[in-house]
file protein31.cif (mmCIF, C-alpha atoms)
data_input
#
loop_
_atom_site.label_atom_id
_atom_site.label_comp_id
_atom_site.auth_asym_id
_atom_site.auth_seq_id
_atom_site.Cartn_x
_atom_site.Cartn_y
_atom_site.Cartn_z
CA MET A 1 8.60 7.02 8.90
CA GLN A 2 5.81 7.52 11.34
CA TYR A 3 2.11 7.96 10.59
CA SER A 4 -0.68 9.44 12.67
CA VAL A 5 -4.44 9.87 12.36
CA THR A 6 -7.08 11.14 14.75
CA ALA A 7 -10.53 9.60 14.84
CA THR A 8 -13.65 10.82 16.64
CA SER A 9 -17.09 9.29 16.98
CA THR A 10 -20.45 10.77 17.89
CA SER A 11 -22.67 8.28 19.70
CA LYS A 12 -25.44 6.82 17.55
CA LEU A 13 -24.45 8.97 14.59
CA LYS A 14 -21.12 8.78 12.72
CA ALA A 15 -17.37 9.03 13.05
CA THR A 16 -14.60 11.00 11.38
CA LEU A 17 -10.96 10.43 10.59
CA ASP A 18 -8.69 13.45 10.44
CA ILE A 19 -5.56 12.90 8.38
CA LYS A 20 -3.47 15.99 7.66
CA GLN A 21 -5.89 18.34 5.86
CA THR A 22 -8.38 15.58 5.05
CA THR A 23 -11.51 14.59 6.96
CA ILE A 24 -13.17 11.28 6.15
CA VAL A 25 -16.65 10.60 7.50
CA PHE A 26 -17.56 6.96 8.09
CA GLY A 27 -20.44 4.98 9.51
CA ILE A 28 -20.62 3.31 12.88
CA THR A 29 -24.34 2.51 13.06
CA PRO A 30 -26.74 0.31 11.09
CA ALA A 31 -28.60 3.48 10.04
CA THR A 32 -25.57 4.66 8.04
CA SER A 33 -24.63 1.30 6.52
CA GLU A 34 -26.05 2.25 3.11
CA THR A 35 -24.73 5.82 2.98
CA LEU A 36 -21.33 5.97 4.69
CA ALA A 37 -18.21 3.87 4.31
CA ASN A 38 -17.70 1.32 7.05
CA PRO A 39 -14.37 0.28 8.61
CA ALA A 40 -14.03 -2.75 6.30
CA GLU A 41 -14.43 -0.51 3.25
CA LEU A 42 -11.89 1.95 4.66
CA PHE A 43 -9.50 -0.97 5.09
CA LEU A 44 -9.92 -1.94 1.43
CA SER A 45 -9.60 1.73 0.47
CA SER A 46 -6.19 1.86 2.10
CA LEU A 47 -5.03 -1.09 0.01
CA ALA A 48 -6.48 0.49 -3.15
CA ALA A 49 -4.68 3.76 -2.38
CA CYS A 50 -1.41 1.89 -1.85
CA ILE A 51 -1.69 0.14 -5.21
CA LEU A 52 -2.60 3.35 -7.07
CA LYS A 53 0.26 5.23 -5.42
CA ASN A 54 2.64 2.55 -6.63
CA VAL A 55 1.27 2.70 -10.18
CA GLU A 56 2.28 6.37 -10.17
CA ARG A 57 5.63 5.62 -8.57
CA PHE A 58 6.52 2.82 -10.97
CA SER A 59 5.27 4.65 -14.06
CA GLU A 60 8.32 6.86 -13.61
CA PHE A 61 10.77 4.03 -12.87
CA MET A 62 9.42 1.82 -15.67
CA ASN A 63 9.10 4.75 -18.07
CA PHE A 64 5.45 4.51 -19.09
CA GLU A 65 2.71 7.10 -19.25
CA TYR A 66 -0.92 6.65 -18.35
CA THR A 67 -3.91 8.97 -18.16
CA ASN A 68 -5.53 7.33 -15.19
CA ALA A 69 -5.82 4.08 -13.29
CA GLU A 70 -8.82 2.61 -11.55
CA ILE A 71 -9.01 -0.31 -9.19
CA THR A 72 -11.90 -2.37 -7.89
CA LEU A 73 -11.40 -4.52 -4.81
CA SER A 74 -13.60 -7.12 -3.18
CA ALA A 75 -13.08 -9.22 -0.10
CA THR A 76 -14.74 -11.95 1.89
CA ARG A 77 -15.49 -11.35 5.56
CA LEU A 78 -15.11 -14.46 7.69
CA GLU A 79 -17.22 -14.76 10.83
CA LYS A 80 -15.15 -16.64 13.44
CA PRO A 81 -13.02 -14.81 14.22
CA PRO A 82 -14.31 -11.83 12.25
CA ARG A 83 -11.64 -10.92 9.71
CA MET A 84 -11.05 -10.15 6.07
CA ASP A 85 -9.94 -12.91 3.74
CA ASP A 86 -9.49 -13.53 0.04
CA ILE A 87 -9.03 -9.99 -1.29
CA ASN A 88 -9.31 -9.70 -5.07
CA TYR A 89 -8.63 -6.72 -7.28
CA ILE A 90 -8.74 -5.67 -10.89
CA LEU A 91 -6.52 -2.75 -11.81
CA HIS A 92 -7.20 -0.97 -15.11
CA ILE A 93 -4.51 1.33 -16.43
CA HIS A 94 -5.61 3.71 -19.19
CA SER A 95 -2.66 4.23 -21.50
CA THR A 96 -1.75 4.42 -25.14
CA ASP A 97 1.38 2.42 -24.29
CA GLU A 98 0.30 -1.16 -24.98
CA HIS A 99 3.71 -2.55 -24.08
CA ILE A 100 3.79 -1.85 -20.35
CA ASN A 101 5.46 -4.76 -18.59
CA LEU A 102 2.44 -5.71 -16.47
CA SER A 103 4.13 -8.64 -14.76
CA LEU A 104 6.99 -6.39 -13.59
CA LEU A 105 4.55 -3.71 -12.48
CA LYS A 106 2.55 -6.28 -10.48
CA LYS A 107 5.75 -7.69 -8.97
CA ASN A 108 6.86 -4.18 -7.92
CA ILE A 109 3.45 -3.36 -6.41
CA GLU A 110 3.56 -6.59 -4.42
CA LYS A 111 7.16 -6.15 -3.32
CA PHE A 112 7.22 -2.44 -2.44
CA GLY A 113 3.66 -1.62 -1.34
CA THR A 114 3.66 -0.87 2.39
CA ILE A 115 -0.04 -1.55 2.91
CA TYR A 116 0.02 -4.41 0.40
CA ASN A 117 2.79 -6.18 2.34
CA THR A 118 1.08 -5.59 5.67
CA VAL A 119 -2.24 -7.02 4.47
CA MET A 120 -0.58 -9.90 2.62
CA LYS A 121 0.73 -11.23 5.94
CA SER A 122 -2.82 -11.81 7.18
CA CYS A 123 -4.83 -12.84 4.10
CA ALA A 124 -4.60 -13.81 0.45
CA ILE A 125 -4.50 -11.04 -2.16
CA ASN A 126 -5.12 -11.89 -5.81
CA GLY A 127 -5.15 -9.36 -8.59
CA THR A 128 -4.97 -8.70 -12.26
CA ILE A 129 -3.74 -5.67 -14.15
CA GLU A 130 -5.18 -4.74 -17.54
CA ILE A 131 -4.30 -2.01 -20.03
CA LYS A 132 -7.23 -0.01 -21.39
CA THR A 133 -6.32 1.81 -24.59
CA GLY A 134 -9.63 3.66 -25.04
CA GLN A 135 -10.81 6.78 -23.25
CA PRO A 136 -11.42 6.26 -19.50
CA ASN A 137 -14.91 6.52 -18.07
CA THR A 138 -15.14 9.90 -16.42
#

call {"tool": "encode", "arguments": {"input": "protein31.cif", "output": "C-alpha cells"}}
result
Amino acid sequence: MQYSVTATSTSKLKATLDIKQTTIVFGITPATSETLANPAELFLSSLAACILKNVERFSEFMNFEYTNAEITLSATRLEKPPRMDDINYILHIHSTDEHINLSLLKKNIEKFGTIYNTVMKSCAINGTIEIKTGQPNT
C-alpha cells in the first residue's frame, strides 16, 4: 500500500493538508496556537485514528458490538532533540457487552496497528482500555 497527502502553507497564516476529499487546517504560527491544531497534535491524532480504526476492525473479528469509542491521548515533548516521548492513552468503549476480552483487543491493536507500530519504534506508548456500559456523552 502507498499513501499520499498534499500540504500547503500560507506565510504567517496557516497551513492545510489535503487527503483524498478531506482538508485539514492546522497552525504554523504562534497566533494560531490556541485555535488550530499544531503538528504535534496532528501526530497524536494519527495514532488515535489508528487505534479507533482497529477497534472497529477487531469488533468484527472478536464478535462484539459497541455504540462508540473515544480515546484521549497525551504525550511529553522532549527538548533536546525535540521529539515526542511517553505517549499515554485511555480508550473508552461504550458497549452493553461487558465481557469484551480487553487484553486481546489491546494486544491486537498493538500488534496490527500500522501507525501504532511505527510510533512504538521511537517512543513508549502506554494505554488502558475501559468498557463504559452507560450512554456515551454526545

call {"tool": "resolve_selection", "arguments": {"input": "protein31.cif", "expression": "the PyMOL selection byres ((chain A and resi 114-123) around 9)", "output": "NGL selection string"}}
result
:A and (46-51 or 84-87 or 109-113 or 124-125)

call {"tool": "resolve_selection", "arguments": {"input": "protein31.cif", "expression": "the PyMOL selection byres ((chain A and resi 63-77) around 7)", "output": "number ranges by chain"}}
result
A: 44, 48, 59-62, 78-79, 82-95, 97, 100

call {"tool": "write_last_selection", "arguments": {"input": "protein31.cif", "atoms": "C-alpha atoms", "output": "mmCIF file, keeping the file's coordinate frame"}}
result
data_model
loop_
_atom_site.group_PDB
_atom_site.id
_atom_site.type_symbol
_atom_site.label_atom_id
_atom_site.label_comp_id
_atom_site.auth_asym_id
_atom_site.auth_seq_id
_atom_site.Cartn_x
_atom_site.Cartn_y
_atom_site.Cartn_z
ATOM 1 C CA LEU A 44 -9.920 -1.940 1.430
ATOM 2 C CA ALA A 48 -6.480 0.490 -3.150
ATOM 3 C CA SER A 59 5.270 4.650 -14.060
ATOM 4 C CA GLU A 60 8.320 6.860 -13.610
ATOM 5 C CA PHE A 61 10.770 4.030 -12.870
ATOM 6 C CA MET A 62 9.420 1.820 -15.670
ATOM 7 C CA LEU A 78 -15.110 -14.460 7.690
ATOM 8 C CA GLU A 79 -17.220 -14.760 10.830
ATOM 9 C CA PRO A 82 -14.310 -11.830 12.250
ATOM 10 C CA ARG A 83 -11.640 -10.920 9.710
ATOM 11 C CA MET A 84 -11.050 -10.150 6.070
ATOM 12 C CA ASP A 85 -9.940 -12.910 3.740
ATOM 13 C CA ASP A 86 -9.490 -13.530 0.040
ATOM 14 C CA ILE A 87 -9.030 -9.990 -1.290
ATOM 15 C CA ASN A 88 -9.310 -9.700 -5.070
ATOM 16 C CA TYR A 89 -8.630 -6.720 -7.280
ATOM 17 C CA ILE A 90 -8.740 -5.670 -10.890
ATOM 18 C CA LEU A 91 -6.520 -2.750 -11.810
ATOM 19 C CA HIS A 92 -7.200 -0.970 -15.110
ATOM 20 C CA ILE A 93 -4.510 1.330 -16.430
ATOM 21 C CA HIS A 94 -5.610 3.710 -19.190
ATOM 22 C CA SER A 95 -2.660 4.230 -21.500
ATOM 23 C CA ASP A 97 1.380 2.420 -24.290
ATOM 24 C CA ILE A 100 3.790 -1.850 -20.350
#

call {"tool": "resolve_selection", "arguments": {"input": "protein31.cif", "expression": "the PyMOL selection byres ((chain A and resi 38) around 12)", "output": "list in words"}}
result
Lys14, Ala15, Thr16, Leu17, Ile24, Val25, Phe26, Gly27, Ile28, Thr29, Pro30, Ala31, Thr32, Ser33, Glu34, Thr35, Leu36, Ala37, Pro39, Ala40, Glu41, Leu42, Phe43, Leu44 and Ser45 of chain A

call {"tool": "atom_distance", "arguments": {"input": "protein31.cif", "atom1": "CA of Val55 in chain A", "atom2": "CA of Met1 in chain A"}}
result
20.9 Å

call {"tool": "atom_distance", "arguments": {"input": "protein31.cif", "atom1": "CA of Thr23 in chain A", "atom2": "CA of Ala7 in chain A"}}
result
9.4 Å

call {"tool": "atom_distance", "arguments": {"input": "protein31.cif", "atom1": "CA of Thr10 in chain A", "atom2": "CA of Lys80 in chain A"}}
result
28.3 Å

call {"tool": "closest_residue", "arguments": {"input": "protein31.cif", "among": "A:Ser103, A:Asn54, A:Gln21, A:Asn108", "to": "Val5 in chain A", "atoms": "all atoms listed in the file"}}
result
A:Gln21

call {"tool": "residues_around", "arguments": {"input": "protein31.cif", "residues": "Lys106 in chain A", "least_positions_apart": "6", "cutoff": "9 Å", "atoms": "all atoms listed in the file", "output": "list in words"}}
result
Gly127, Thr128 and Ile129 of chain A

call {"tool": "decode", "arguments": {"input": "protein31.cif", "residues": "range 84-110 of chain A", "atoms": "N, CA, C and O atoms", "output": "compact mmCIF listing (two decimals), in the first residue's frame"}}
result
# COMPACT_ATOMS: atom_id res chain seq x y z
N MET A 84 8.72 13.63 20.53
CA MET A 84 7.65 13.16 21.39
C MET A 84 8.16 11.96 22.18
O MET A 84 8.93 11.15 21.68
N ASP A 85 7.67 11.85 23.41
CA ASP A 85 8.04 10.72 24.25
C ASP A 85 6.88 10.43 25.18
O ASP A 85 6.04 11.29 25.43
N ASP A 86 6.84 9.22 25.69
CA ASP A 86 5.89 8.85 26.73
C ASP A 86 4.45 9.20 26.36
O ASP A 86 3.82 10.07 26.97
N ILE A 87 3.93 8.52 25.35
CA ILE A 87 2.54 8.72 24.92
C ILE A 87 1.65 7.83 25.78
O ILE A 87 1.93 6.65 25.96
N ASN A 88 0.58 8.41 26.30
CA ASN A 88 -0.38 7.68 27.13
C ASN A 88 -1.77 7.86 26.54
O ASN A 88 -2.09 8.93 26.03
N TYR A 89 -2.56 6.80 26.63
CA TYR A 89 -3.94 6.92 26.15
C TYR A 89 -4.90 6.18 27.06
O TYR A 89 -4.52 5.24 27.76
N ILE A 90 -6.13 6.65 27.03
CA ILE A 90 -7.25 5.95 27.67
C ILE A 90 -8.31 5.80 26.59
O ILE A 90 -8.75 6.79 25.99
N LEU A 91 -8.67 4.56 26.33
CA LEU A 91 -9.67 4.24 25.33
C LEU A 91 -10.92 3.77 26.04
O LEU A 91 -10.87 2.82 26.83
N HIS A 92 -12.04 4.46 25.81
CA HIS A 92 -13.33 4.06 26.38
C HIS A 92 -14.17 3.48 25.25
O HIS A 92 -14.36 4.12 24.22
N ILE A 93 -14.67 2.29 25.47
CA ILE A 93 -15.55 1.64 24.52
C ILE A 93 -16.94 1.56 25.15
O ILE A 93 -17.10 0.97 26.21
N HIS A 94 -17.91 2.19 24.52
CA HIS A 94 -19.29 2.16 25.01
C HIS A 94 -19.98 0.94 24.41
O HIS A 94 -20.12 0.82 23.20
N SER A 95 -20.37 0.03 25.31
CA SER A 95 -20.95 -1.23 24.86
C SER A 95 -21.80 -1.82 25.98
O SER A 95 -21.51 -1.62 27.16
N THR A 96 -22.80 -2.56 25.58
CA THR A 96 -23.57 -3.32 26.58
C THR A 96 -22.92 -4.68 26.83
O THR A 96 -23.30 -5.37 27.76
N ASP A 97 -21.95 -5.03 26.01
CA ASP A 97 -21.22 -6.29 26.18
C ASP A 97 -20.10 -6.07 27.20
O ASP A 97 -19.06 -5.50 26.89
N GLU A 98 -20.32 -6.52 28.41
CA GLU A 98 -19.35 -6.32 29.48
C GLU A 98 -18.24 -7.36 29.47
O GLU A 98 -17.33 -7.31 30.29
N HIS A 99 -18.31 -8.30 28.54
CA HIS A 99 -17.35 -9.41 28.53
C HIS A 99 -16.40 -9.34 27.33
O HIS A 99 -15.90 -10.38 26.89
N ILE A 100 -16.15 -8.15 26.84
CA ILE A 100 -15.17 -7.99 25.76
C ILE A 100 -13.80 -8.35 26.32
O ILE A 100 -13.42 -7.89 27.41
N ASN A 101 -13.06 -9.12 25.59
CA ASN A 101 -11.71 -9.51 26.01
C ASN A 101 -10.77 -8.32 25.75
O ASN A 101 -10.17 -8.19 24.69
N LEU A 102 -10.66 -7.44 26.76
CA LEU A 102 -9.89 -6.21 26.59
C LEU A 102 -8.41 -6.47 26.41
O LEU A 102 -7.75 -5.76 25.65
N SER A 103 -7.88 -7.48 27.06
CA SER A 103 -6.45 -7.76 26.89
C SER A 103 -6.15 -8.23 25.47
O SER A 103 -5.13 -7.86 24.88
N LEU A 104 -7.04 -9.03 24.88
CA LEU A 104 -6.85 -9.46 23.49
C LEU A 104 -7.04 -8.29 22.54
O LEU A 104 -6.27 -8.14 21.57
N LEU A 105 -8.01 -7.44 22.80
CA LEU A 105 -8.20 -6.26 21.95
C LEU A 105 -6.96 -5.38 21.99
O LEU A 105 -6.47 -4.95 20.95
N LYS A 106 -6.43 -5.12 23.17
CA LYS A 106 -5.22 -4.29 23.31
C LYS A 106 -4.04 -4.93 22.58
O LYS A 106 -3.29 -4.27 21.87
N LYS A 107 -3.89 -6.23 22.75
CA LYS A 107 -2.81 -6.96 22.07
C LYS A 107 -2.93 -6.83 20.55
O LYS A 107 -1.95 -6.60 19.85
N ASN A 108 -4.15 -6.96 20.03
CA ASN A 108 -4.37 -6.84 18.58
C ASN A 108 -4.09 -5.42 18.09
O ASN A 108 -3.51 -5.24 17.02
N ILE A 109 -4.54 -4.42 18.85
CA ILE A 109 -4.26 -3.03 18.47
C ILE A 109 -2.76 -2.80 18.39
O ILE A 109 -2.25 -2.20 17.45
N GLU A 110 -2.04 -3.30 19.39
CA GLU A 110 -0.60 -3.11 19.45
C GLU A 110 0.14 -3.92 18.38
O GLU A 110 1.17 -3.49 17.87
